[in-house]
Structures are given as C-alpha cells and as structure tokens.
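One file, structure22.txt, is given below (compact mmCIF, C-alpha atoms).
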# COMPACT_ATOMS: atom_id res chain seq x y z
CA MET A 1 9.69 8.39 -51.96
CA SER A 2 9.37 4.82 -53.09
CA THR A 3 9.17 4.94 -56.84
CA SER A 4 8.68 1.31 -57.65
CA GLU A 5 8.02 2.06 -61.32
CA ALA A 6 11.36 3.88 -61.71
CA GLY A 7 13.90 1.28 -60.61
CA PRO A 8 14.59 -2.17 -61.96
CA HIS A 9 14.14 -3.73 -58.50
CA PRO A 10 11.01 -2.27 -56.97
CA ALA A 11 11.15 -4.58 -53.97
CA LEU A 12 14.69 -3.47 -53.17
CA THR A 13 13.80 0.19 -53.50
CA ASP A 14 10.88 -0.33 -51.21
CA ARG A 15 12.97 -2.19 -48.66
CA TRP A 16 15.58 0.58 -48.51
CA SER A 17 12.92 3.19 -48.20
CA ARG A 18 11.42 1.47 -45.16
CA ARG A 19 14.80 0.86 -43.58
CA ARG A 20 15.93 4.37 -44.27
CA VAL A 21 12.88 5.87 -42.60
CA LEU A 22 13.39 3.60 -39.60
CA LEU A 23 17.10 4.41 -39.31
CA VAL A 24 16.48 8.13 -39.68
CA VAL A 25 13.93 7.97 -36.85
CA LEU A 26 16.27 5.94 -34.61
CA CYS A 27 19.31 8.14 -35.30
CA ALA A 28 17.30 11.32 -34.80
CA GLY A 29 16.04 9.84 -31.51
CA MET A 30 19.60 9.16 -30.40
CA LEU A 31 20.65 12.70 -31.26
CA ALA A 32 17.62 14.16 -29.47
CA VAL A 33 18.33 12.12 -26.34
CA GLY A 34 22.02 13.03 -26.51
CA ALA A 35 21.24 16.74 -26.82
CA CYS A 36 18.73 16.51 -23.97
CA MET A 37 21.29 14.76 -21.73
CA ALA A 38 24.01 17.29 -22.58
CA TYR A 39 21.58 20.02 -21.53
CA ALA A 40 20.62 18.08 -18.40
CA ILE A 41 24.23 17.54 -17.30
CA ASP A 42 24.98 21.22 -17.85
CA TRP A 43 21.85 22.15 -15.89
CA ALA A 44 22.81 19.77 -13.08
CA LYS A 45 26.34 21.00 -12.61
CA ASP A 46 25.34 23.97 -10.47
CA ARG A 47 22.58 22.18 -8.57
CA PRO A 48 23.34 22.00 -4.83
CA LYS A 49 23.36 18.20 -4.85
CA THR A 50 25.89 17.97 -7.69
CA LEU A 51 28.06 20.64 -6.11
CA SER A 52 28.11 18.82 -2.80
CA PHE A 53 29.20 15.62 -4.53
CA ALA A 54 31.77 17.43 -6.64
CA VAL A 55 33.27 19.12 -3.59
CA ALA A 56 33.31 15.86 -1.63
CA TYR A 57 35.11 14.26 -4.56
CA GLU A 58 37.60 16.95 -5.34
CA PRO A 59 37.81 19.49 -2.51
CA PHE A 60 40.12 21.64 -4.63
CA GLY A 61 38.42 20.83 -7.96
CA SER A 62 36.83 23.21 -10.45
CA ARG A 63 33.41 23.16 -8.73
CA SER A 64 34.87 23.93 -5.31
CA MET A 65 35.20 27.30 -3.62
CA LEU A 66 38.70 26.14 -2.58
CA GLU A 67 39.83 26.31 -6.20
CA PRO A 68 41.97 29.49 -6.33
CA GLY A 69 40.07 31.09 -9.26
CA ASN A 70 36.68 30.50 -7.64
CA ALA A 71 37.96 31.71 -4.27
CA ARG A 72 39.37 34.88 -5.86
CA ALA A 73 36.05 35.57 -7.64
CA GLY A 74 34.14 34.95 -4.39
CA LEU A 75 36.49 37.20 -2.46
CA ASP A 76 36.00 40.01 -4.99
CA ARG A 77 32.21 39.59 -4.89
CA LEU A 78 32.23 39.78 -1.10
CA GLY A 79 34.64 42.74 -1.17
CA GLU A 80 32.15 44.74 -3.27
CA ARG A 81 29.53 44.32 -0.53
CA VAL A 82 31.78 45.71 2.20
CA THR A 83 31.72 49.51 2.38
CA ASP A 84 33.89 51.93 4.36
CA GLN A 85 31.24 51.74 7.06
CA HIS A 86 32.05 48.08 7.70
CA ARG A 87 34.91 46.05 9.13
CA ILE A 88 35.36 42.31 8.55
CA HIS A 89 35.72 40.23 11.67
CA GLN A 90 35.73 36.70 10.48
CA ILE A 91 36.35 34.88 7.22
CA VAL A 92 35.32 31.26 6.68
CA LEU A 93 36.08 29.42 3.47
CA ASP A 94 35.19 25.85 2.58
CA GLY A 95 34.44 23.94 -0.61
CA HIS A 96 30.83 25.11 -0.66
CA ALA A 97 30.92 28.75 0.38
CA PHE A 98 32.94 31.82 1.21
CA ARG A 99 31.53 33.61 4.26
CA ILE A 100 32.49 36.81 6.05
CA ASN A 101 31.13 38.42 9.19
CA VAL A 102 31.12 42.22 9.09
CA VAL A 103 30.23 44.77 11.71
CA ASP A 104 29.35 48.45 11.32
CA ARG A 105 30.13 51.37 13.65
CA ALA A 106 26.88 50.82 15.52
CA GLY A 107 27.94 47.26 16.28
CA ARG A 108 25.40 45.61 13.96
CA ALA A 109 26.70 42.35 12.58
CA THR A 110 26.02 40.91 9.13
CA GLU A 111 27.00 37.59 7.68
CA ILE A 112 27.59 37.65 3.91
CA THR A 113 27.90 34.35 2.06
CA THR A 114 28.62 33.59 -1.56
CA ASP A 115 28.87 30.30 -3.43
CA ILE A 116 30.40 29.18 -6.69
CA THR A 117 27.29 30.02 -8.74
CA GLY A 118 27.72 33.71 -7.90
CA HIS A 119 24.74 33.70 -5.56
CA ILE A 120 25.31 36.10 -2.65
CA GLU A 121 23.31 36.33 0.55
CA SER A 122 23.35 38.71 3.53
CA ARG A 123 21.95 37.92 6.93
CA HIS A 124 21.85 40.28 9.89
CA PHE A 125 22.33 38.79 13.29
CA SER A 126 22.89 39.93 16.81
CA THR A 127 25.44 38.61 19.24
CA ALA A 128 25.60 38.92 23.01
CA LYS A 129 28.98 40.56 22.77
CA PRO A 130 29.31 42.61 19.56
CA GLU A 131 32.66 42.79 17.83
CA ARG A 132 34.47 46.08 18.01
CA PHE A 133 34.51 48.00 14.75
CA ASP A 134 38.20 48.88 15.06
CA ASP A 135 39.30 45.27 15.46
CA GLY A 136 38.23 44.25 11.97
CA ILE A 137 39.90 44.63 8.62
CA SER A 138 38.72 46.92 5.83
CA ALA A 139 37.49 45.88 2.39
CA THR A 140 40.81 47.00 0.88
CA GLU A 141 42.79 44.76 3.20
CA PHE A 142 40.37 41.93 2.53
CA THR A 143 40.60 42.08 -1.24
CA GLY A 144 44.39 42.38 -0.86
CA ILE A 145 44.63 38.88 0.63
CA ASP A 146 46.77 36.61 -1.52
CA ILE A 147 44.21 33.82 -1.50
CA ASP A 148 45.91 31.98 -4.35
CA SER A 149 49.15 31.22 -2.53
CA VAL A 150 47.31 30.39 0.70
CA LEU A 151 45.12 27.85 -1.09
CA THR A 152 48.04 26.37 -3.00
CA SER A 153 49.98 25.64 0.18
CA LEU A 154 46.84 24.41 1.95
CA HIS A 155 46.23 22.01 -0.90
CA THR A 156 49.74 20.59 -0.39
CA LEU A 157 49.20 20.32 3.36
CA TRP A 158 45.82 18.68 2.94
CA ARG A 159 47.13 16.08 0.54
CA ALA A 160 49.83 15.17 3.05
CA GLY A 161 47.31 14.88 5.90
CA ASP A 162 45.65 11.81 7.34
CA HIS A 163 41.90 12.36 7.02
CA GLN A 164 38.62 10.84 8.01
CA ILE A 165 36.77 9.24 5.10
CA ASP A 166 33.41 10.53 3.89
CA PRO A 167 31.18 7.42 3.73
CA ARG A 168 29.19 8.82 0.77
CA THR A 169 32.15 9.07 -1.54
CA GLY A 170 34.90 6.97 0.03
CA ARG A 171 37.04 10.10 -0.17
CA PRO A 172 38.75 12.12 2.57
CA GLU A 173 36.56 14.73 4.26
CA PRO A 174 37.08 18.15 2.63
CA PRO A 175 38.90 20.84 4.58
CA TRP A 176 37.81 24.32 5.57
CA LEU A 177 39.60 27.52 6.50
CA THR A 178 39.03 30.32 8.94
CA LEU A 179 40.69 33.65 9.37
CA GLY A 180 39.95 35.50 12.58
CA SER A 181 39.77 34.09 16.03
CA GLY A 182 36.25 34.97 17.05
CA SER A 183 34.64 37.32 19.50
CA GLY A 184 36.63 40.30 20.61
CA TYR A 185 39.84 39.57 18.75
CA GLY A 186 39.16 40.37 15.11
CA PRO A 187 40.93 38.72 12.21
CA SER A 188 44.44 37.61 12.90
CA ASP A 189 47.11 37.47 10.27
CA GLU A 190 46.89 33.70 10.15
CA TRP A 191 44.51 31.29 8.51
CA THR A 192 43.45 28.31 10.52
CA PHE A 193 43.15 25.24 8.38
CA HIS A 194 40.79 22.52 9.57
CA PHE A 195 40.15 18.99 8.52
CA GLU A 196 38.78 15.83 10.11
CA PRO A 197 41.75 13.69 11.09
CA ALA A 198 41.46 9.92 10.92
CA ASP A 199 42.46 9.81 14.56
CA SER A 200 39.87 12.11 16.12
CA SER A 201 41.94 12.68 19.23
CA ALA A 202 44.63 14.35 17.14
CA ASP A 203 44.84 18.09 16.74
CA ASP A 204 42.69 18.90 13.73
CA SER A 205 43.99 22.27 12.76
CA VAL A 206 47.04 23.81 11.18
CA THR A 207 47.63 27.53 11.10
CA VAL A 208 48.98 29.13 8.00
CA ASP A 209 50.09 32.71 7.70
CA LEU A 210 48.92 34.98 4.91
CA HIS A 211 51.96 34.04 2.84
CA GLY A 212 51.16 30.34 3.10
CA LYS A 213 53.68 29.30 5.78
CA ALA A 214 52.30 26.56 8.01
CA THR A 215 52.72 25.94 11.73
CA ARG A 216 50.99 23.20 13.66
CA MET B 1 0.55 11.17 -54.78
CA SER B 2 -3.06 10.39 -54.00
CA ALA B 3 -4.91 11.82 -51.03
CA LYS B 4 -4.72 8.43 -49.38
CA ASN B 5 -0.97 8.31 -49.90
CA LEU B 6 -0.55 11.82 -48.57
CA PHE B 7 -2.62 10.99 -45.50
CA ALA B 8 -0.51 7.89 -44.79
CA SER B 9 2.70 9.90 -45.21
CA VAL B 10 1.47 12.59 -42.84
CA GLN B 11 0.55 9.90 -40.33
CA LEU B 12 4.04 8.44 -40.55
CA VAL B 13 5.78 11.82 -40.23
CA VAL B 14 3.62 13.01 -37.33
CA GLY B 15 3.88 9.64 -35.60
CA SER B 16 7.67 9.58 -35.98
CA ALA B 17 7.94 13.15 -34.68
CA LEU B 18 5.90 12.19 -31.60
CA LEU B 19 8.15 9.17 -31.01
CA LEU B 20 11.19 11.44 -31.36
CA ALA B 21 9.73 13.77 -28.75
CA ALA B 22 8.95 10.91 -26.35
CA ALA B 23 12.57 9.73 -26.06
CA PRO B 24 14.13 12.95 -24.68
CA LEU B 25 11.05 13.56 -22.50
CA LEU B 26 11.48 10.16 -20.83
CA ALA B 27 15.25 10.71 -20.62
CA TRP B 28 14.76 14.06 -18.86
CA ALA B 29 12.18 12.58 -16.48
CA SER B 30 14.41 9.67 -15.48
CA PHE B 31 17.45 11.96 -15.21
CA VAL B 32 15.70 14.24 -12.73
CA TYR B 33 13.98 11.41 -10.86
CA VAL B 34 17.19 9.44 -10.34
CA ARG B 35 18.83 12.56 -8.96
CA GLY B 36 16.24 12.40 -6.19
CA GLU B 37 14.76 15.77 -7.15
CA VAL B 38 11.16 14.55 -7.31
CA PRO B 39 9.97 14.34 -3.69
CA GLY B 40 6.89 12.31 -2.75
CA SER B 41 5.08 15.45 -1.70
CA CYS B 42 5.97 19.08 -2.21
CA GLY B 43 4.32 22.47 -2.63
CA GLY B 44 1.37 23.76 -0.60
CA ASP B 45 1.87 22.77 3.04
CA TYR B 46 4.94 20.74 2.16
CA PRO B 47 8.38 22.14 1.41
CA PRO B 48 8.57 23.91 -1.96
CA CYS B 49 9.15 21.70 -4.98
CA PRO B 50 12.63 21.61 -6.52
CA PRO B 51 12.60 23.53 -9.81
CA ALA B 52 12.84 20.43 -11.98
CA ALA B 53 10.27 18.27 -10.18
CA GLU B 54 7.20 19.52 -12.07
CA SER B 55 8.96 19.41 -15.42
CA ALA B 56 10.06 15.82 -14.78
CA VAL B 57 6.57 14.68 -13.80
CA GLY B 58 5.09 16.53 -16.81
CA ALA B 59 7.70 15.08 -19.17
CA PHE B 60 7.01 11.57 -17.88
CA ILE B 61 3.22 11.85 -18.27
CA ILE B 62 3.36 13.52 -21.70
CA GLY B 63 6.13 11.26 -22.94
CA LEU B 64 4.75 7.95 -21.74
CA PHE B 65 1.00 8.47 -22.04
CA VAL B 66 0.72 10.88 -24.98
CA CYS B 67 3.73 11.02 -27.31
CA LEU B 68 4.70 7.36 -27.14
CA PRO B 69 1.31 5.63 -27.69
CA VAL B 70 -0.10 8.21 -30.13
CA GLY B 71 3.17 8.33 -32.07
CA ALA B 72 3.43 4.54 -32.23
CA LEU B 73 -0.22 4.15 -33.29
CA LEU B 74 0.16 6.71 -36.09
CA ALA B 75 3.58 5.61 -37.32
CA ALA B 76 2.86 1.88 -37.10
CA ARG B 77 -0.35 1.97 -39.12
CA ARG B 78 1.62 1.18 -42.28
CA ARG B 79 4.98 0.44 -40.66
CA PRO B 80 4.70 -2.30 -38.03
CA GLU B 81 8.44 -1.94 -37.28
CA MET B 82 7.60 1.44 -35.75
CA TRP B 83 6.24 -0.38 -32.69
CA CYS B 84 9.72 -1.73 -32.09
CA ALA B 85 11.24 1.67 -32.85
CA ALA B 86 8.92 3.19 -30.23
CA ILE B 87 10.03 0.61 -27.64
CA ALA B 88 13.69 1.17 -28.57
CA LEU B 89 13.37 4.95 -28.25
CA ALA B 90 11.50 4.76 -24.95
CA PHE B 91 13.88 2.30 -23.29
CA GLY B 92 16.90 4.01 -24.83
CA GLY B 93 15.72 7.32 -23.40
CA LEU B 94 15.21 5.81 -19.93
CA ALA B 95 18.65 4.16 -20.02
CA ALA B 96 20.34 7.37 -21.17
CA GLY B 97 18.59 9.40 -18.46
CA VAL B 98 19.57 7.07 -15.62
CA PHE B 99 23.12 6.64 -16.92
CA SER B 100 23.71 10.37 -17.39
CA SER B 101 22.21 11.19 -14.03
CA ARG B 102 24.04 8.60 -11.97
CA PHE B 103 27.32 8.14 -13.77
CA LEU B 104 27.97 11.43 -15.58
CA ALA B 105 26.28 14.26 -13.66
CA ASP B 106 26.64 12.90 -10.09
CA PRO B 107 29.44 10.41 -10.15
CA THR B 108 29.20 8.46 -6.90
CA THR B 109 30.84 5.27 -5.75
CA THR B 110 28.03 3.92 -3.57
CA HIS B 111 24.69 2.24 -4.37
CA LEU B 112 25.69 1.63 -7.95
CA ALA B 113 24.15 -1.83 -8.47
CA ALA B 114 20.51 -0.79 -8.99
CA PRO B 115 21.09 2.01 -11.53
CA LEU B 116 23.72 -0.07 -13.32
CA TRP B 117 21.37 -3.04 -13.71
CA PHE B 118 18.56 -0.73 -14.76
CA CYS B 119 20.79 0.76 -17.47
CA VAL B 120 21.97 -2.66 -18.66
CA ILE B 121 18.45 -4.11 -18.85
CA THR B 122 16.81 -1.09 -20.50
CA ALA B 123 19.67 -0.66 -22.97
CA THR B 124 19.47 -4.37 -23.86
CA ILE B 125 15.72 -4.13 -24.44
CA ALA B 126 16.34 -1.07 -26.63
CA LEU B 127 19.00 -2.86 -28.65
CA VAL B 128 16.85 -5.96 -29.14
CA ALA B 129 13.98 -3.71 -30.26
CA VAL B 130 16.27 -1.99 -32.76
CA VAL B 131 17.34 -5.35 -34.21
CA ILE B 132 13.74 -6.57 -34.47
CA ALA B 133 12.71 -3.28 -36.08
CA VAL B 134 15.48 -3.50 -38.67
CA ILE B 135 14.51 -7.11 -39.45
CA LEU B 136 10.82 -6.17 -39.73
CA ALA B 137 11.71 -3.31 -42.06
CA GLY B 138 13.85 -5.62 -44.14
CA PRO B 139 12.99 -7.69 -47.21
CA SER B 140 10.17 -10.21 -47.71
CA GLN B 141 7.50 -7.77 -46.65
CA PRO B 142 3.98 -8.10 -47.99
CA HIS B 143 4.17 -4.54 -49.32
CA ALA B 144 7.23 -5.37 -51.36
CA ALA B 145 5.44 -8.34 -52.88
CA VAL B 146 2.41 -6.22 -53.63
CA ASP B 147 4.60 -3.62 -55.28
CA ARG B 148 6.23 -6.20 -57.53
CA GLU B 149 2.87 -7.52 -58.64
CA HIS B 150 1.35 -4.10 -59.15
CA PRO B 151 4.15 -1.77 -60.24
CA GLY B 152 1.78 1.09 -60.92
CA HIS B 153 0.16 0.90 -57.52
CA ASN B 154 2.80 1.22 -54.87
CA GLY B 155 0.44 1.15 -51.91
CA THR B 156 0.76 3.91 -49.39
CA GLU B 157 4.48 3.80 -48.87
CA LEU B 158 6.42 6.99 -48.49
Would you kindly transcribe this structure into structure tokens?
Amino acid sequence: MSTSEAGPHPALTDRWSRRRVLLVVLCAGMLAVGACMAYAIDWAKDRPKTLSFAVAYEPFGSRSMLEPGNARAGLDRLGERVTDQHRIHQIVLDGHAFRINVVDRAGRATEITTDITGHIESRHFSTAKPERFDDGISATEFTGIDIDSVLTSLHTLWRAGDHQIDPRTGRPEPPWLTLGSGSGYGPSDEWTFHFEPADSSADDSVTVDLHGKATR
Amino acid sequence: MSAKNLFASVQLVVGSALLLAAAPLLAWASFVYVRGEVPGSCGGDYPPCPPAAESAVGAFIIGLFVCLPVGALLAARRRPEMWCAAIALAFGGLAAGVFSSRFLADPTTTHLAAPLWFCVITATIALVAVVIAVILAGPSQPHAAVDREHPGHNGTEL
C-alpha cells in the first residue's frame, strides 16, 4: 500500500499507512465487540436470571407475564392444552409464569405452566382430595376471560398499594393473582390479587371480579 | 511486491484478524462470567452446566491464550504499535463485556462498585493503549527514515 516512490512525501505516506492500518484494526475491533455484545444482550433477555430481574424491576413490564399481551398469549397457549376431557380448577398468574391446574373425569390432576418464552410444561400430581370434574371451568370459558381489563385494573391497584421492598432491586415486591379458591370449590368468578404489604399484619389480598372491579 | 513483502503483509493481516477475534471472545467470556453463569463446578456429578458456561470458558482460553498472543506476535513483528492495539482490544473487550452484562442486560441497583471500577480501570487502560499505539504509529519512525533514504526500497510495509 505504501508507495513511497509515488508521492512527494514518502515519510508522510508511510505514516498514514501505518496509522490507517492501526485505526482500521481498532475500529473493526470496536464494531466486533459491539456486535458481540448486541448478540449477548439479546441472548440474555430470555435467560431465567434476566427475566427474574426484569420482573422484579417492572412487574407489569414487557418481560413480565403480567403484561396484558404476554398474559393473553400465555392464556391462549394454556387453553390449547385443555381438551373437552378436562376442567380447570385453579389459575395462578404472576410475573414469571401462568399456571393452571386441570382435572379429568377420572380425577387425575395436572398442573400446566407456561412462561414468557413460550415454554410450556405439564406435571401430573395426585392430591388427597381430588377436585370434582364438574366444579371446574372449560377451556372455552378459560380463553374467554378478559385478562386485559383484569390486569389493567390490577396494575392501578398495585401502584396505589403499600408494598414490601425487594432487597435485591430496591423495588416493591411483585404481585401475583389467583382465580379459584382451592380444593373442592373450583374457580370462582373473582380473581384474588396478592402482594406483600409493607405492614405484614395487614390483609395482603384484594379480590377483583372478572370485569376488574375490586373489593378488599 | 517481493516474497518477503508478501510474507510480512500476510503476517500483519493474519495477526490483526486474530486480534480482532480476541476482543469479542474476551467480551463474551466476561459477559457470561459476570452474569454468574459459570459455576465453580458443573456437569458429571454436579448440577448440569448452564448453556453458556462452556462457551465462556472456551472463549476465554482461546481469546487470551491463543488469539491475543499469536495475533500480537504476528502483527507486531513489523508494527510495534500492534502490541498496544492488542492490549487496547483485550481490555476494551473485557470492559464492554462487564458493562453490557451488569448495566445493560441485568440492570441492578446493588453491588455496583466492583463492576463499575472494573469497567473504569479496564476502559482507561484501553484508552491509554490506543493513545500510545497512535503515537507509536505516528511520524519519526525508523521505517519512515529508511524509506526517505532509500525510495526504491520501502522495507516490508504494507
């Protein structure tokens, strides 16, 4: 590249050639590191550790299952797993996962969980006192839940609440939701909204009906 | 271009390419390590390794013990400033990895002092190395003098 015989100032030409090579190497290194870090950050965003931090930071943020779009997608994924042979007995939703407990006619119980990455997991379990098939709700009723308006009003309620602080993040503890009151009763028509109050002796739950109306 | 010239050019290009590979390898290794995804012991009788742990350890070994020294040796044979460029790329990669991991991918508010100081120190070393490299590559080099005295024989510069 250095053509010292061509130019009038061979030393100058030579100097620029050396500098240019050096700068090209340094700039290319910066670009390579930048591209690698962009890839790394993208890779990290769905890692469990990042998700747990993201949810602790913004319980209703884009990486949280409590974000209406994510909750809707999770609800639809879970709905596809529930056949006519199943009834849903309990629904639990928090920033990390959307979980339902289903029971079939024979009384066999299954817990189905999905997270924001689209991962879905089923686990059979047995209980001392099986739920009754007829007490649960069907897949059609489940996918008909207006999760968007429930989450919107819960977000408002949660922001107004007085919460315990997560020492890792310095942020309020994220909330979680349940629908269904446990063994023998089947899902109710009310969500129960839980969070850790700053005063632990206080009542920690608020119930919200399926249209988003809250009662303490 | 003589065979000797060609050989020197190939050395410089290959050496620079190795240095360029070392920087992102070290950045990836420090990114994953700072996330705490490289446990002291995993696999076999221990819990399974996180998916990135092996790649981070491999990137660190290849980057630090292969790409960086071999690249610097090759590139710096005729270009002493490439030693400084190698240091700048290595420390810059480490700083970028720690910064991205701790402040961009997992933004936390606790235990910030150590990674912050690490980033500041490594980035400063990288910057100083860049300045020294630019000065070394600048004028008043022996090669430039040689070139002026022997215009027809421009050494082994690219």
- request: Would you mind reading off the distance between atom CA of Glu80 of chain A and atom CA of Arg63 of chain A, one decimal, in Å?
  value: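 These atoms are spaced 22.3 Å apart.
Picture a line from atom CA of Ser52 of chain A to atom CA of His96 of chain A; it runs 7.2 Å.
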- prompt: In Å, with one decimal, what is the gap from atom CA of Ala23 of chain B to atom CA of Ile41 of chain A?
  reply: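 Calculated distance between atom CA of Ala23 of chain B and atom CA of Ile41 of chain A is 16.5 Å.
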Proximity to Ser16 of chain B - best of B:Val38, B:Ala52, B:Leu73, B:Ile61, all atoms listed in the file: B:Leu73
query: Which residues come within 9 Å of Asp115 of chain A, counting all atoms listed in the file, excluding same-chain residues fewer than 5 positions away, as a VMD selection string?
result: chain A and resid 64 to 65 70 74 95 to 99 120
- request: Using only C-alpha atoms, pick whichever of A:Ile116, A:Val103, A:Ile88, A:Ala32 has the shortest atom-to-atom distance to Ala54 of chain A.
  value: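 Looking only at the distances to Ala54 of chain A, the closest residue turns out to be A:Ile116.
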Please list as a PDB file with C-alpha atoms, keeping the file's coordinate frame every residue within 9 Å of Ala90 of chain B, counting only C-alpha atoms and excluding residues in the same chain fewer than 3 positions away.
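So the final result, stored in result38.pdb, reads:
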ATOM      1  CA  LEU B  19       8.150   9.170 -31.010  1.00  0.00           C
ATOM      2  CA  ALA B  22       8.950  10.910 -26.350  1.00  0.00           C
ATOM      3  CA  ALA B  23      12.570   9.730 -26.060  1.00  0.00           C
ATOM      4  CA  PRO B  24      14.130  12.950 -24.680  1.00  0.00           C
ATOM      5  CA  LEU B  26      11.480  10.160 -20.830  1.00  0.00           C
ATOM      6  CA  ALA B  27      15.250  10.710 -20.620  1.00  0.00           C
ATOM      7  CA  GLY B  63       6.130  11.260 -22.940  1.00  0.00           C
ATOM      8  CA  LEU B  64       4.750   7.950 -21.740  1.00  0.00           C
ATOM      9  CA  LEU B  68       4.700   7.360 -27.140  1.00  0.00           C
ATOM     10  CA  ALA B  85      11.240   1.670 -32.850  1.00  0.00           C
ATOM     11  CA  ALA B  86       8.920   3.190 -30.230  1.00  0.00           C
ATOM     12  CA  ILE B  87      10.030   0.610 -27.640  1.00  0.00           C
ATOM     13  CA  GLY B  93      15.720   7.320 -23.400  1.00  0.00           C
ATOM     14  CA  LEU B  94      15.210   5.810 -19.930  1.00  0.00           C
ATOM     15  CA  ALA B  95      18.650   4.160 -20.020  1.00  0.00           C
ATOM     16  CA  ALA B 126      16.340  -1.070 -26.630  1.00  0.00           C
TER      17      ALA B 126
END
Residues within 12 Å of Tyr33 of chain B, all atoms listed in the file, excluding chain neighbours under 2 positions, as a PDB file with C-alpha atoms, in the coordinates of the input:
ATOM      1  CA  LEU B  26      11.480  10.160 -20.830  1.00  0.00           C
ATOM      2  CA  ALA B  27      15.250  10.710 -20.620  1.00  0.00           C
ATOM      3  CA  TRP B  28      14.760  14.060 -18.860  1.00  0.00           C
ATOM      4  CA  ALA B  29      12.180  12.580 -16.480  1.00  0.00           C
ATOM      5  CA  SER B  30      14.410   9.670 -15.480  1.00  0.00           C
ATOM      6  CA  PHE B  31      17.450  11.960 -15.210  1.00  0.00           C
ATOM      7  CA  ARG B  35      18.830  12.560  -8.960  1.00  0.00           C
ATOM      8  CA  GLY B  36      16.240  12.400  -6.190  1.00  0.00           C
ATOM      9  CA  GLU B  37      14.760  15.770  -7.150  1.00  0.00           C
ATOM     10  CA  VAL B  38      11.160  14.550  -7.310  1.00  0.00           C
ATOM     11  CA  PRO B  39       9.970  14.340  -3.690  1.00  0.00           C
ATOM     12  CA  GLY B  40       6.890  12.310  -2.750  1.00  0.00           C
ATOM     13  CA  PRO B  50      12.630  21.610  -6.520  1.00  0.00           C
ATOM     14  CA  ALA B  52      12.840  20.430 -11.980  1.00  0.00           C
ATOM     15  CA  ALA B  53      10.270  18.270 -10.180  1.00  0.00           C
ATOM     16  CA  GLU B  54       7.200  19.520 -12.070  1.00  0.00           C
ATOM     17  CA  SER B  55       8.960  19.410 -15.420  1.00  0.00           C
ATOM     18  CA  ALA B  56      10.060  15.820 -14.780  1.00  0.00           C
ATOM     19  CA  VAL B  57       6.570  14.680 -13.800  1.00  0.00           C
ATOM     20  CA  GLY B  58       5.090  16.530 -16.810  1.00  0.00           C
ATOM     21  CA  ALA B  59       7.700  15.080 -19.170  1.00  0.00           C
ATOM     22  CA  PHE B  60       7.010  11.570 -17.880  1.00  0.00           C
ATOM     23  CA  LEU B  94      15.210   5.810 -19.930  1.00  0.00           C
ATOM     24  CA  GLY B  97      18.590   9.400 -18.460  1.00  0.00           C
ATOM     25  CA  VAL B  98      19.570   7.070 -15.620  1.00  0.00           C
ATOM     26  CA  PHE B  99      23.120   6.640 -16.920  1.00  0.00           C
ATOM     27  CA  SER B 100      23.710  10.370 -17.390  1.00  0.00           C
ATOM     28  CA  SER B 101      22.210  11.190 -14.030  1.00  0.00           C
ATOM     29  CA  ARG B 102      24.040   8.600 -11.970  1.00  0.00           C
ATOM     30  CA  PRO B 115      21.090   2.010 -11.530  1.00  0.00           C
TER      31      PRO B 115
END
- prompt: With distances taken over only C-alpha atoms, which of B:Ala76, B:Leu112, B:Leu127, B:Ala21 is nearest to chain A?
  reply: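 For chain A, the nearest of the given residues is B:Ala21.
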query: Which of these residues is nearest to Val10 of chain B, using all atoms listed in the file: B:Ala114, B:Ala75, B:Cys49, B:Ile132?
result: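 Selected residue with least distance to Val10 of chain B: B:Ala75.
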Residues within 9 Å of Thr140 of chain A, all atoms listed in the file, excluding chain neighbours under 4 positions, as an MDAnalysis selection string: chainID A and resid 79 144:145
- request: Find the residues around Ser122 of chain A up to 12 Å (all atoms listed in the file counted), leave out those fewer than 3 positions away in its own chain, and share them as a PyMOL selection string.
  value: chain A and resi 78+81-82+99-102+109-114+119+125
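Among A:Val92, A:Val21, A:Ala28, A:Ala40, the residue with the shortest atom-to-atom distance to Pro175 of chain A, counting all atoms listed in the file, is A:Val92.
Ranking A:Ala139, A:Leu151, A:Asp166, A:Ala106 by their shortest atom-to-atom distance to chain B, with all atoms listed in the file included, puts A:Asp166 first.
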Have segment 95-108 of chain A completed to N, CA and C atoms, please, and pass it along as a tab-separated table (two decimals), keeping the file's coordinate frame.
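To be explicit, this is the file written out as out34.tsv:
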chain	number	residue	atom	x	y	z
A	95	GLY	N	34.70	24.29	0.78
A	95	GLY	CA	34.44	23.94	-0.61
A	95	GLY	C	33.12	24.49	-1.13
A	96	HIS	N	32.17	24.72	-0.23
A	96	HIS	CA	30.83	25.11	-0.66
A	96	HIS	C	30.62	26.62	-0.68
A	97	ALA	N	31.26	27.34	0.23
A	97	ALA	CA	30.92	28.75	0.38
A	97	ALA	C	32.09	29.55	0.94
A	98	PHE	N	32.01	30.84	0.67
A	98	PHE	CA	32.94	31.82	1.21
A	98	PHE	C	32.09	32.75	2.07
A	99	ARG	N	32.40	32.85	3.35
A	99	ARG	CA	31.53	33.61	4.26
A	99	ARG	C	32.35	34.61	5.06
A	100	ILE	N	31.83	35.84	5.17
A	100	ILE	CA	32.49	36.81	6.05
A	100	ILE	C	31.47	37.36	7.04
A	101	ASN	N	31.96	37.72	8.22
A	101	ASN	CA	31.13	38.42	9.19
A	101	ASN	C	31.64	39.86	9.27
A	102	VAL	N	30.72	40.81	9.03
A	102	VAL	CA	31.12	42.22	9.09
A	102	VAL	C	30.34	42.91	10.19
A	103	VAL	N	30.89	44.00	10.67
A	103	VAL	CA	30.23	44.77	11.71
A	103	VAL	C	30.34	46.25	11.33
A	104	ASP	N	29.27	47.02	11.62
A	104	ASP	CA	29.35	48.45	11.32
A	104	ASP	C	29.66	49.22	12.61
A	105	ARG	N	29.73	50.56	12.49
A	105	ARG	CA	30.13	51.37	13.65
A	105	ARG	C	29.15	51.23	14.81
A	106	ALA	N	27.89	50.97	14.47
A	106	ALA	CA	26.88	50.82	15.52
A	106	ALA	C	26.92	49.43	16.17
A	107	GLY	N	27.80	48.59	15.69
A	107	GLY	CA	27.94	47.26	16.28
A	107	GLY	C	27.00	46.22	15.70
A	108	ARG	N	26.31	46.58	14.59
A	108	ARG	CA	25.40	45.61	13.96
A	108	ARG	C	26.19	44.64	13.10
